[in-house]
Amino acid sequence: MKAGFARGLAAALAGFSSRHARIALGGVLAGALLVGVLDFLTGIELSFSLFYLGPVAIAAWYLGPRAGYGIALISALLWVIADLAGGHQYSQQWMPLWNSIIRLAFFVMVTALLVRLKDALNAKEVLANTDHLTRLSNRRAFNERLELELKRAVRYRQAFTLVCFDLDNFKQVNDSMGHDAGDELLKCVGAVLANHTRDVDVAARLGGDEFAVLFPLMEPEAAGNALPKLRSALLAAMEQRGWPVTFSIGAITFVRPSGTLRDVLKAVDELMYKVKKQGKNDLWYKVCFDYGLKECTERRCV
């Protein structure tokens, strides 16, 4: 029995290397042990089977299937230990083993159901926040992330860079080559953005042929290097496939954040539309020290 308990504990601990995960797993394990102790102290006349589900459910939901199944095994072992230590007499020696297997099966089924439920909810959330065509973030998800970045930037007085652009001559592609070609073009743009941004960056399709990228913690010097490379990658992808599409890009690095989400989006959006009005196919960049655009460097083409 002790060897089985040790194996169950080892299974639950396997794969949890981070400090926070180990602390969380330790708390769940302590909860299971507490239920086992209470089960033993209250005697065999009171059933505590339901209470073992608490640690099992917490482990499965917050720590994943491996922890859930490990705690399920440990809980089943704790139950039989408390049962036998409490003096429960059985008419047959195999009955404790049978009861343990039944309880373990029940705990495992609960764990499996919770894991599948959480996976389904996560998948639904991903779909709700993802543009179905490009697999980038959609407008809602992008605005939520941008708002969080604004709060962080305001609090810690750190810069970030925001880019908005749309596709020049996209309607021409749709009209002359068909909507399937237009969809492929949008997917291509999404792939370029995914391949030329960092993990911490957020690329999004805001709707139609309009895209945006949030570069957290990107100072003017870094932006001055990254943005022309991104534009070149986009243009190269269009040229490679023979699509007559260019990009009108507006980008601003906000050095001293102090405004609102609406201010930020409006400023970058207006800059992008100025590019379109003055010939398209360009990248205009500003460095601003406030959201009212009263303290900005001279606009320059990068």
# chains A, B, ... in the order shown; residues from 1 in each chain; ligands from 1
call {"tool": "select_by_dssp", "arguments": {"residues": "segment 55-226 of chain A", "states": "strand (DSSP E)", "output": "list in words"}}
result
Phe160, Thr161, Leu162, Val163, Cys164, Phe165, Asp166, Leu167, Asp168, Val202, Ala203, Ala204, Arg205, Leu206, Gly207, Glu210, Phe211, Ala212, Val213, Leu214, Phe215 and Pro216 of chain A
call {"tool": "select_by_dssp", "arguments": {"residues": "segment 43-169 of chain A", "states": "alpha helix (DSSP H)", "output": "number ranges by chain"}}
result
A: 53-58, 65-85, 95-129, 139-156
call {"tool": "write_last_selection", "arguments": {"atoms": "C-alpha atoms", "output": "CSV table (one decimal), in the first residue's frame"}}
result
chain,number,residue,atom,x,y,z
A,53,LEU,CA,-13.6,15.2,-5.5
A,54,GLY,CA,-12.6,18.7,-4.4
A,55,PRO,CA,-8.8,18.2,-4.7
A,56,VAL,CA,-9.3,16.0,-7.8
A,57,ALA,CA,-11.4,18.7,-9.6
A,58,ILE,CA,-9.1,21.5,-8.6
A,65,PRO,CA,-4.9,16.1,-16.8
A,66,ARG,CA,-1.6,14.7,-15.4
A,67,ALA,CA,-2.1,16.3,-12.0
A,68,GLY,CA,-5.8,15.4,-12.1
A,69,TYR,CA,-5.2,11.7,-12.7
A,70,GLY,CA,-2.3,11.7,-10.1
A,71,ILE,CA,-4.5,13.3,-7.4
A,72,ALA,CA,-7.3,10.9,-8.4
A,73,LEU,CA,-5.0,7.9,-7.7
A,74,ILE,CA,-3.8,9.4,-4.5
A,75,SER,CA,-7.3,10.1,-3.3
A,76,ALA,CA,-8.3,6.5,-4.0
A,77,LEU,CA,-5.3,5.3,-2.0
A,78,LEU,CA,-6.1,7.7,0.8
A,79,TRP,CA,-9.7,6.5,1.0
A,80,VAL,CA,-8.7,2.8,1.3
A,81,ILE,CA,-6.0,3.6,3.9
A,82,ALA,CA,-8.5,5.6,6.0
A,83,ASP,CA,-11.1,2.9,5.6
A,84,LEU,CA,-8.8,0.0,6.7
A,85,ALA,CA,-7.1,2.1,9.4
A,95,MET,CA,-13.6,-6.1,-1.2
A,96,PRO,CA,-11.3,-3.2,-0.2
A,97,LEU,CA,-9.5,-3.5,-3.5
A,98,TRP,CA,-12.7,-3.6,-5.4
A,99,ASN,CA,-14.1,-0.5,-3.7
A,100,SER,CA,-10.8,1.3,-4.3
A,101,ILE,CA,-10.9,0.5,-8.0
A,102,ILE,CA,-14.5,1.7,-8.2
A,103,ARG,CA,-13.7,5.0,-6.5
A,104,LEU,CA,-10.6,5.4,-8.6
A,105,ALA,CA,-12.6,4.8,-11.8
A,106,PHE,CA,-15.1,7.5,-10.5
A,107,PHE,CA,-12.4,10.0,-9.8
A,108,VAL,CA,-10.8,9.3,-13.2
A,109,MET,CA,-14.1,9.8,-15.0
A,110,VAL,CA,-14.6,13.1,-13.2
A,111,THR,CA,-11.1,14.2,-14.1
A,112,ALA,CA,-11.6,13.2,-17.8
A,113,LEU,CA,-14.9,15.1,-18.0
A,114,LEU,CA,-13.4,18.2,-16.4
A,115,VAL,CA,-10.4,18.1,-18.7
A,116,ARG,CA,-12.6,17.8,-21.8
A,117,LEU,CA,-14.9,20.6,-20.6
A,118,LYS,CA,-12.0,22.9,-20.1
A,119,ASP,CA,-10.5,22.1,-23.4
A,120,ALA,CA,-13.8,22.8,-25.1
A,121,LEU,CA,-14.1,26.1,-23.3
A,122,ASN,CA,-10.6,27.1,-24.2
A,123,ALA,CA,-11.2,26.1,-27.8
A,124,LYS,CA,-14.4,28.2,-27.8
A,125,GLU,CA,-12.5,31.2,-26.3
A,126,VAL,CA,-9.8,30.9,-29.0
A,127,LEU,CA,-12.4,30.9,-31.7
A,128,ALA,CA,-14.1,33.9,-30.2
A,129,ASN,CA,-10.9,35.8,-30.2
A,139,ARG,CA,-10.6,43.2,-33.3
A,140,ARG,CA,-12.2,42.4,-30.0
A,141,ALA,CA,-9.2,40.4,-28.8
A,142,PHE,CA,-6.8,43.0,-30.1
A,143,ASN,CA,-8.5,45.9,-28.3
A,144,GLU,CA,-8.6,43.9,-25.1
A,145,ARG,CA,-4.8,43.2,-25.3
A,146,LEU,CA,-4.1,46.8,-26.3
A,147,GLU,CA,-6.1,48.1,-23.3
A,148,LEU,CA,-4.0,45.9,-21.0
A,149,GLU,CA,-0.8,47.1,-22.6
A,150,LEU,CA,-2.0,50.7,-22.1
A,151,LYS,CA,-2.5,50.2,-18.4
A,152,ARG,CA,0.8,48.5,-18.0
A,153,ALA,CA,2.6,51.2,-20.0
A,154,VAL,CA,1.0,54.0,-18.1
A,155,ARG,CA,1.8,52.4,-14.7
A,156,TYR,CA,5.5,51.6,-15.5
call {"tool": "closest_residue", "arguments": {"among": "A:His196, A:Lys187, A:Lys171, A:His179", "to": "Leu133 of chain A", "atoms": "only C-alpha atoms"}}
result
A:Lys187
call {"tool": "closest_residue", "arguments": {"among": "A:Leu38, A:Ala236, A:Leu261, A:Ile249", "to": "Gln278 of chain A", "atoms": "only C-alpha atoms"}}
result
A:Ile249
call {"tool": "closest_residue", "arguments": {"among": "A:Tyr90, A:Phe48, A:Phe160, A:Tyr285", "to": "Ala251 of chain A", "atoms": "only C-alpha atoms"}}
result
A:Tyr285
call {"tool": "residues_around", "arguments": {"residues": "segment 197-202 of chain A", "least_positions_apart": "3", "cutoff": "10 Å", "atoms": "only C-alpha atoms", "output": "number ranges by chain"}}
result
A: 136-137, 141-142, 145-146, 161-162, 192-194, 212-218, 226, 230
call {"tool": "atom_distance", "arguments": {"atom1": "atom CA of Gly36 of chain A", "atom2": "atom CA of Ser49 of chain A"}}
result
9.5 Å
call {"tool": "atom_distance", "arguments": {"atom1": "atom CA of Phe51 of chain A", "atom2": "atom CA of Leu63 of chain A"}}
result
18.7 Å
call {"tool": "atom_distance", "arguments": {"atom1": "atom CA of Leu283 of chain A", "atom2": "atom CA of Gly250 of chain A"}}
result
6.0 Å
call {"tool": "closest_residue", "arguments": {"among": "A:Thr42, A:Thr260, A:Ser91, A:Ser248", "to": "Lys274 of chain A", "atoms": "only C-alpha atoms"}}
result
A:Ser248
call {"tool": "residues_around", "arguments": {"residues": "Asp168 of chain A", "least_positions_apart": "3", "cutoff": "9 Å", "atoms": "only C-alpha atoms", "output": "VMD selection string"}}
result
chain A and resid 171 to 172 209 244 to 248 276 280 to 281
